[in-house]
Structure formats: structure tokens, C-alpha cells
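K.L.:
Questions regarding the structure given below will be posed in turn.
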Amino acid sequence: MASSFCIFCKFQPFLPERIAIMPTSSSSQAAPANIGMLPLVTLAIGFVMAMLDVTVVNVGLSSIEHSLATPLSMLVWIVDGYTLTFAAMLLVGGALADRYGAKNIYVLGLVVFVLASLLCGAAPSGSMLVAARLLQGLGAAFFMPSSLSLLTHVYEDDRVRARMLGVWSATVGGAAAVGPLVGGVLIHAFGWRSVFLINVPVGLVGLVMAVKLIPAVDKHRRALRISSHLLGVVMLAALSFVLIQGPVYGWTSPAILASLALTVASLVLLVQRERHGAVPLLPRALFATPQFAAANGIGFLINFGVYGQFFFLSMFLQQARGADALQTGLQLLPMMVVIFAGNLLSGRMTAHWGPRLPMRIGLSVGAIFCALQMGLTPQTPYWMLACAGALANLGIATAIPAMTTAVMQVAGKVNANSAAAALNANRQIGALVGVAVMGAVLHSVNDWRWRVLLAYGVIAAAYALGLLLVLRYISAGTATAAGARAAALAAASE
């Protein structure tokens with residue numbers, strides 16, 4: 001896959017994950033040995049902005065609803081529009097970075113993102129805001145893979161690179177964790193438009209620094225597989241329309257049925273092209289091992305639950321409990337900071353016992369405490385809500401790095417970049433579907449007690465299904481053996 005995925009892309013909700021650093025190609029402009037922190041700060045600017053935009057928007061949904069008179073379905077599009085174009089164009093961004101140079105695509109993506117942020121902040125209507133969010137996701141899909149690739153090229157010394165990536169992980173994870181609070185403070189002081197407009201001056205500074213401080217890297221000419229990418233875009237767009245507009249138009253309406261047919265047809269054509277095409281988007285050797293498909297399914301289900309829960313809980317706090325944006329950010333903070341503890345715990349557990357145990361424990365805890373939250377009401381004391389939410393997130397935070405490790409073990413060194421790209425795309429699709437399903441729950445049921453029961457029931461079921469996949473396919477030694485098999489198949493196909 002694209003060499004721009006030199007390390008595992010870290011655009012994940014809430015937690016930094018283990019990073020698999022792959023050998024990098026020689027750069028066309030060698031970076032100095034003692035380059036310092038400025039390149040890291042430069043490349044982190046865009047990433048942090050994008051991470052914040054994932055979380056701060058949820059905190060501002062009620063303000064946007066009142067300001068622009070947007071219906072519920074449009075609020076879902078405002079959240080999911082960003083994820084839709086990001087998920088659909090992520091692999092394209094990596095391929096373009098290879099073909100035209102990581103620095104060029106990084107700068108282009110940052111320009112698009114800054115322009116889109118300006119349009120978001122100036123949007124006069126909900127539909128214009130959705131369009132600008134789609135453009136934001138496109139910019140993020142371009143610069144995110146490139147930023148990580150450039151980081152590995154700038155810091156060529158292995159020890160320096162490892163230290164810088166540790167700082168990077170903490171920065172990205174911290175941005176995700178404090179995102180709701182930052183959004184609440186901005187919205188409370190300056191209104192919802194400020195969460196987008198703040199990206200403009202920050203992004204312009206990042207652009208100037210990138211042009212001056214980041215060296216270019218070698219280009220790698222290769223086919224873009226445009227038809228396969230287009231099929232993926234059509235499939236995700238049609239699926240999003242079905243899930244978000246289904247409750248509005250009716251599940252049996254002609255528009256929804258036609259979109260559903262388009263989703264299925266696009267998926268079938270994409271699978272056929274991948275199975276029989278001369279140059280598939282992902283190596284076929286990966287899918288010869290059921291462990292790889294299972295681990296990707298677990299990643300999908302985790303993001304489904306995490307993003308779905310965050311969207312639903314933000315709406316619950318604001319609409320059912322009457323919290324404003326600042327209060328929502330403060331109330332979400334305890335449920336976010338536990339992610340660091342879960343991440344550290346997972347690393348230690350995985351190092352000692354492998355990925356199966358932390359995945360089993362984490363998904364079990366997440367499923368149990370989400371099931372317990374099915375009984376929440378608008379009158380439930382906050383401390384009970386916060387404790388249950390924090391424990392659920394702690395469990396899932398423990399499972400995610402272990403799941404990443406399992407994927408990389410299955411892929412082996414030969415297919416590590418492709419596996420990382422596939423897992424990231426699947427996880428973003430999970431986020432897209434999770435938010436859309438929560439939107440359907442909110443639209444279909446008016447009573448908050450039933451809304452909570454259905455929403456947390458679905459999320460608990462997703463985590464339970466992930467646990468079943470772990471028990472069935474991920475066992476001690478299985479991932480390593482599967483990785484060896486995938487490597488052998490890859491070598492035989494060359």
C-alpha cells in the first residue's frame with residue numbers, strides 16, 4: 001500500500017495507539033541530525049486541528065441547531081459529513097502523497113482544510129455547513145497520511161524518531177481528550193462559529209511553517225486505481241444517505257430503497273474488482289487469513305460504539321439534561337481522561353500476555369458498563385452517569401491498542417502499511433455508521449428513556465459482538481502464525 005502510511009495512522013477517536021514504524025525511503029532533502037522540535041510542532045498543528053474538529057462539533061450541536069434552525073438529520077450530517085469524506089478519501093490521500101510527493105499533498109490538504117474551516121464559520125445555513133464539513137474531511141484525508149509520512153522522514157535517527165513519536169502520541173491523544181472542553185469554552189465565550197474560525201489563523205501559521213521547515217521526500221509513481229476509489233466513495237455516500245435520511249423519508253420510500261440498491265451494487269462491484277483486478281487496493285494475502293478480517297471487524301465495531309456513544313451522550317447532556325456547551329465539555333472531561341490510563345494499561349498487558357487478554361477484558365468491560373447505562377434517565381445523578389461512562393471508556397481504551405497490535409501481527413512486515421491503511425478506513429466507516437445509527441434512534445423515538453435504552457443497547461451489543469470475534473478468531477499465537485502465512489502468500493504472489 002501507499003508508503004505514505006509509514007506508520008500506523010493515528011486519526012482514531014480519543015486514544016493514541018501503538019505505532020509501527022516502517023522503513024522509510026531516502027528523502028530528496030536530507031534532514032539535519034539535530035533538527036529539534038519545530039518540525040514536530042509544525043506537523044502536529046494540522047493533526048491537532050483535525051482531532052479537535054472531531055470532538056468539538058458534538059459539543060456545539062445544540063447551539064448550531066438553535067442558530068441555523070437545523071433539523072436532527074442535518075445535525076447528523078454535520079458530524080458525519082466530515083467522517084464520510086475522510087473515510088472515503090483516506091486511501092486516495094495516501095496514494096496521492098506517493099505519486100505527487102508527501103509535502104505537496106500535505107500543503108494542499110492543509111489549504112483545503114483551512115478554507116473549509118472558514119466556510120464552516122461563515123455558513124449561513126445548515127446545508128452550507130454540511131457542504132463545508134464535507135470539504136473539511138477531504139482536506140484532512142489529504143494531509144493526515146502525509147503528515148505522518150513526513151514525520152518519519154524528518155527524524156531519520158531511530159531513537160530520535162521514537163522519542164518524537166511518543167511526544168506526538170501524547171499531543172494527539174491530549175487534543176482528543178480535551179476537545180469537548182476546548183469546544184465548550186470557545187462556544188461559551190464566542191459562539192459555535194469560533195470552533196471553526198480558530199482553525200484559520202492556526203492553519204495559516206502551520207502552512208508557513210510547513211513550507212519553510214519541512215523537507216520534500218521522494219515521489220513514487222504508481223497507479224491510483226481511480227475506479228475502485230470511486231466505487232468506495234459512492235458506496236459510503238449511499239449508505240450514509242440510507243442511514244441518516246431513512247427515518248426522515250421512510251425506510252420503504254423510493255429514494256431510500258434506490259440508495260440501498262446503489263450501496264449494495266457499489267459494494268459488489270468493488271469486491272469483484274478487488275478479487276479479480278491486476279493491482280488491488282489491498283494485498284489479497286491479507287484476506288487469506290480470517291484473523292485479519294476479524295480484527296478489522298473489531299475495529300469497525302469499536303469505532304461504531306465510541307463515536308456513536310459520544311454523539312448520543314453529547315445530545316443527551318444538552319437536550320435531555322439542559323447542559324450548555326461549557327457544561328457539556330466539563331461533564332464529558334472525566335469520561336475522556338481515563339483513556340490515557342487504559343492506553344498505558346493495554347500496553348503493559350499486551351507486552352506480557354499478548355493482544356487477546358486486553359481485548360477480552362476491555363470489550364467485556366465496555367459491553368457491561370454500556371449495558372448498565374441502558375437504565376439512565378434525565379434525572380440520573382451525574383456521578384453515576386460519569387462513573388459508568390468512564391469505566392466503559394476505560395475498557396475500550398484497553399482494547400484498542402491491543403487490537404492494533406493484533407492487526408499488525410497478522411499483517412507482518414510485508415503487509416504492515418496496507419493493513420494499517422485498511423484498519424483506519426474500516427474504523428472511520430464504523431464511526432460514520434455509529435453516528436448515523438444514533439441519529440436514527442434519536443429521530444425514531446421521542447421519549448429519552450427509550451432513546452437511552454435503544455442507544456446503549458445497540459452499543460453494548462456492538463462491543464459484545466467484538467468480544468465474540470476475539471474469542472473465535474484471536475487466540476494466543478494465532479496472530480503471529482497468520483502473519484507468517486500472509487507473508488508467505490505475499491512472497492508467492494510476487
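Residue names in the C-alpha cells use chain letters A, B, ... in the order shown, residue numbers from 1 in each chain, and ligand numbers from 1 in the order shown.
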Determine, counting only C-alpha atoms, which protein, DNA and RNA residues have an atom within 7 Å of an atom of range 105-108 of chain A; residues of the same chain fewer than 6 positions away are not included. Present the result as a list in words.
P.N.:
Leu96, Ala97, Phe142, Phe143, Ser146, Ser147 and Leu207 of chain A
K.L.:
Against range 62-70 of chain A, which residues of range 166-280 of chain A fall within 9 Å? For each one I want the closest pair of atoms and the distance in Å (one decimal), counting only C-alpha atoms, rows by chain and increasing residue number, as CSV.
P.N.:
```
residue,atom,partner,partner_atom,distance
A:Ile187,CA,A:Ser63,CA,8.3
A:Gly191,CA,A:Ser63,CA,7.8
A:Trp192,CA,A:Ser63,CA,6.4
A:Arg193,CA,A:Ile64,CA,8.6
```
K.L.:
Here is a test: counting only C-alpha atoms, which residue of A:Pro283, A:Gly46, A:Gly174, A:Gly366 is nearest to Ala397 in chain A?
P.N.:
A:Gly366
K.L.:
Excluding Ala425 in chain A and residues on its chain fewer than 5 positions from it, collect all residues at most 10 Å away from it, counting only C-alpha atoms, and give them as a list in words.
P.N.:
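Once the nearby chain positions are removed, what remains is Cys9, Phe86, Ala87, Ala88, Met89, Leu90, Leu91, Asn296, Gly299, Phe300, Ala419, Ala420, Gly430 and Ala431 of chain A.
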K.L.:
List as an MDAnalysis selection string the protein and nucleic acid residues near Leu257 in chain A, meaning an atom at most 12 Å away when only C-alpha atoms are counted, but skip any in the same chain fewer than 4 places from it.
P.N.:
chainID A and resid 238:239 241:243 245:246 249:253 261:264
K.L.:
For the contact check between range 192-218 of chain A and range 114-121 of chain A, emit one row per residue of range 192-218 of chain A within 9 Å, containing the shortest atom pair and the distance in Å rounded to one decimal, counting only C-alpha atoms, chain then rising number order, as a tab-separated table.
P.N.:
```
residue	atom	partner	partner_atom	distance
A:Trp192	CA	A:Gly121	CA	8.1
A:Arg193	CA	A:Gly121	CA	4.6
A:Ser194	CA	A:Gly121	CA	6.8
A:Val195	CA	A:Gly121	CA	7.8
A:Phe196	CA	A:Ser117	CA	5.1
A:Leu197	CA	A:Gly121	CA	5.3
A:Ile198	CA	A:Ser117	CA	8.3
A:Asn199	CA	A:Val114	CA	6.3
A:Val200	CA	A:Val114	CA	5.4
A:Pro201	CA	A:Val114	CA	8.6
A:Val202	CA	A:Val114	CA	8.8
A:Gly203	CA	A:Val114	CA	5.9
A:Leu204	CA	A:Val114	CA	7.5
```
K.L.:
How far is it from CA of Leu52 in chain A to CA of Thr171 in chain A, in Å with one decimal?
P.N.:
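A separation of 11.4 Å between them.
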K.L.:
Tell me, as a list in words, which residues lie within 7 Å of range 390-396 of chain A, counting only C-alpha atoms; anything in the same chain fewer than 2 positions away does not count.
P.N.:
Pro334, Met335, Val338, Ile339, Gly342, Gly362, Leu363, Val365, Gly366, Phe369, Cys370, Ala386, Cys387, Ala388, Thr398, Ala399 and Ile400 of chain A
K.L.:
Applying 10 Å and only C-alpha atoms, which residues near Val178 in chain A remain after dropping the ones on its own chain fewer than 5 positions away? List them as number ranges by chain.
P.N.:
A: 14, 52, 55-56, 173, 183-184, 329-330, 332-334, 336-337
K.L.:
Looking at A:Gln379, A:Thr42, A:Gln409, A:Ser364, which one is nearest to Gly206 in chain A, with distances taken over only C-alpha atoms?
P.N.:
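When distances to Gly206 in chain A are compared using only C-alpha atoms, the smallest one comes from A:Thr42.
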K.L.:
Could you check how far CA of Leu135 in chain A sits from CA of Ala122 in chain A, in Å to one decimal?
P.N.:
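Computed distance, CA of Leu135 in chain A to CA of Ala122 in chain A, equals 14.0 Å.
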K.L.:
Name all residues at most 12 Å from Val79 in chain A (count only C-alpha atoms; drop same-chain ones fewer than 2 positions away) and give them as a PDB file with C-alpha atoms, in the first residue's frame.
P.N.:
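The result, written out as around-v3.pdb:
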```
ATOM      1  CA  ASP A  53     -12.829  19.242  14.967  1.00  0.00           C
ATOM      2  CA  VAL A  54     -13.952  15.660  15.514  1.00  0.00           C
ATOM      3  CA  THR A  55     -14.924  16.272  19.137  1.00  0.00           C
ATOM      4  CA  VAL A  56     -15.738  19.962  19.494  1.00  0.00           C
ATOM      5  CA  VAL A  57     -18.556  19.870  16.943  1.00  0.00           C
ATOM      6  CA  ASN A  58     -20.581  17.462  19.084  1.00  0.00           C
ATOM      7  CA  VAL A  59     -20.476  19.917  21.971  1.00  0.00           C
ATOM      8  CA  GLY A  60     -21.835  22.691  19.738  1.00  0.00           C
ATOM      9  CA  LEU A  61     -24.728  20.778  18.166  1.00  0.00           C
ATOM     10  CA  ILE A  64     -25.920  25.118  15.828  1.00  0.00           C
ATOM     11  CA  LEU A  72     -31.919  16.458  13.625  1.00  0.00           C
ATOM     12  CA  SER A  73     -30.981  14.737  10.369  1.00  0.00           C
ATOM     13  CA  MET A  74     -28.896  17.743   9.336  1.00  0.00           C
ATOM     14  CA  LEU A  75     -27.101  17.712  12.692  1.00  0.00           C
ATOM     15  CA  VAL A  76     -26.114  14.129  11.948  1.00  0.00           C
ATOM     16  CA  TRP A  77     -24.853  15.187   8.520  1.00  0.00           C
ATOM     17  CA  GLY A  81     -20.115  14.687   6.627  1.00  0.00           C
ATOM     18  CA  TYR A  82     -16.573  15.177   7.909  1.00  0.00           C
ATOM     19  CA  THR A  83     -16.128  11.462   8.600  1.00  0.00           C
ATOM     20  CA  LEU A  84     -17.658  10.479   5.260  1.00  0.00           C
ATOM     21  CA  THR A  85     -15.137  12.264   3.058  1.00  0.00           C
ATOM     22  CA  PHE A  86     -12.281  11.445   5.400  1.00  0.00           C
ATOM     23  CA  GLY A 126     -27.241  24.075   7.798  1.00  0.00           C
ATOM     24  CA  LEU A 129     -22.325  23.959   6.874  1.00  0.00           C
ATOM     25  CA  VAL A 130     -22.696  20.333   5.764  1.00  0.00           C
ATOM     26  CA  ALA A 131     -21.045  21.126   2.430  1.00  0.00           C
ATOM     27  CA  ALA A 132     -18.155  22.857   4.196  1.00  0.00           C
ATOM     28  CA  ARG A 133     -17.761  19.893   6.563  1.00  0.00           C
ATOM     29  CA  LEU A 134     -17.502  17.556   3.569  1.00  0.00           C
ATOM     30  CA  GLN A 136     -13.007  19.713   5.657  1.00  0.00           C
ATOM     31  CA  GLY A 137     -12.946  15.915   5.611  1.00  0.00           C
ATOM     32  CA  SER A 240     -24.855   7.410   4.731  1.00  0.00           C
ATOM     33  CA  ILE A 244     -29.414   9.337   8.011  1.00  0.00           C
ATOM     34  CA  TYR A 307     -18.315   7.627  18.090  1.00  0.00           C
ATOM     35  CA  GLY A 308     -21.959   6.645  18.440  1.00  0.00           C
ATOM     36  CA  PHE A 310     -20.023  10.311  22.084  1.00  0.00           C
ATOM     37  CA  PHE A 311     -22.606  11.763  19.677  1.00  0.00           C
ATOM     38  CA  PHE A 312     -25.551  10.390  21.640  1.00  0.00           C
ATOM     39  CA  SER A 314     -23.497  14.958  23.829  1.00  0.00           C
ATOM     40  CA  ALA A 431     -17.586   5.916  13.184  1.00  0.00           C
ATOM     41  CA  LEU A 432     -19.701   7.058  10.254  1.00  0.00           C
ATOM     42  CA  VAL A 433     -22.239   4.274  10.738  1.00  0.00           C
ATOM     43  CA  GLY A 434     -22.278   4.627  14.531  1.00  0.00           C
ATOM     44  CA  VAL A 435     -23.236   8.305  14.451  1.00  0.00           C
ATOM     45  CA  ALA A 436     -25.828   7.668  11.729  1.00  0.00           C
ATOM     46  CA  MET A 438     -27.593   7.025  16.851  1.00  0.00           C
ATOM     47  CA  GLY A 439     -29.208   9.732  14.760  1.00  0.00           C
TER      48      GLY A 439
END
```
K.L.:
Closest to Ala462 in chain A among A:Ala141, A:Val41, A:Ala371, A:Ile214, using only C-alpha atoms?
P.N.:
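Among A:Ala141, A:Val41, A:Ala371, A:Ile214, it is A:Ala371 that comes nearest to Ala462 in chain A.
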K.L.:
What is the CA of Val470 in chain A to CA of Gln291 in chain A distance in Å?
P.N.:
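CA of Gln291 in chain A lies at a distance of 9.1 Å from CA of Val470 in chain A.
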K.L.:
For Ile45 in chain A, which residue among A:Ile459, A:Gly297, A:Ala175, A:Ile302 is the nearest when counting only C-alpha atoms?
P.N.:
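Once distances to Ile45 in chain A are computed over only C-alpha atoms, the minimum belongs to A:Ala175.
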K.L.:
Among range 86-318 of chain A, which residues carry a DSSP assignment of helix (DSSP H, G or I), reported as a PyMOL selection string?
P.N.:
chain A and resi 86-100+102-122+126-154+158-190+194-197+199-213+226-249+254-276+284-288+290-318
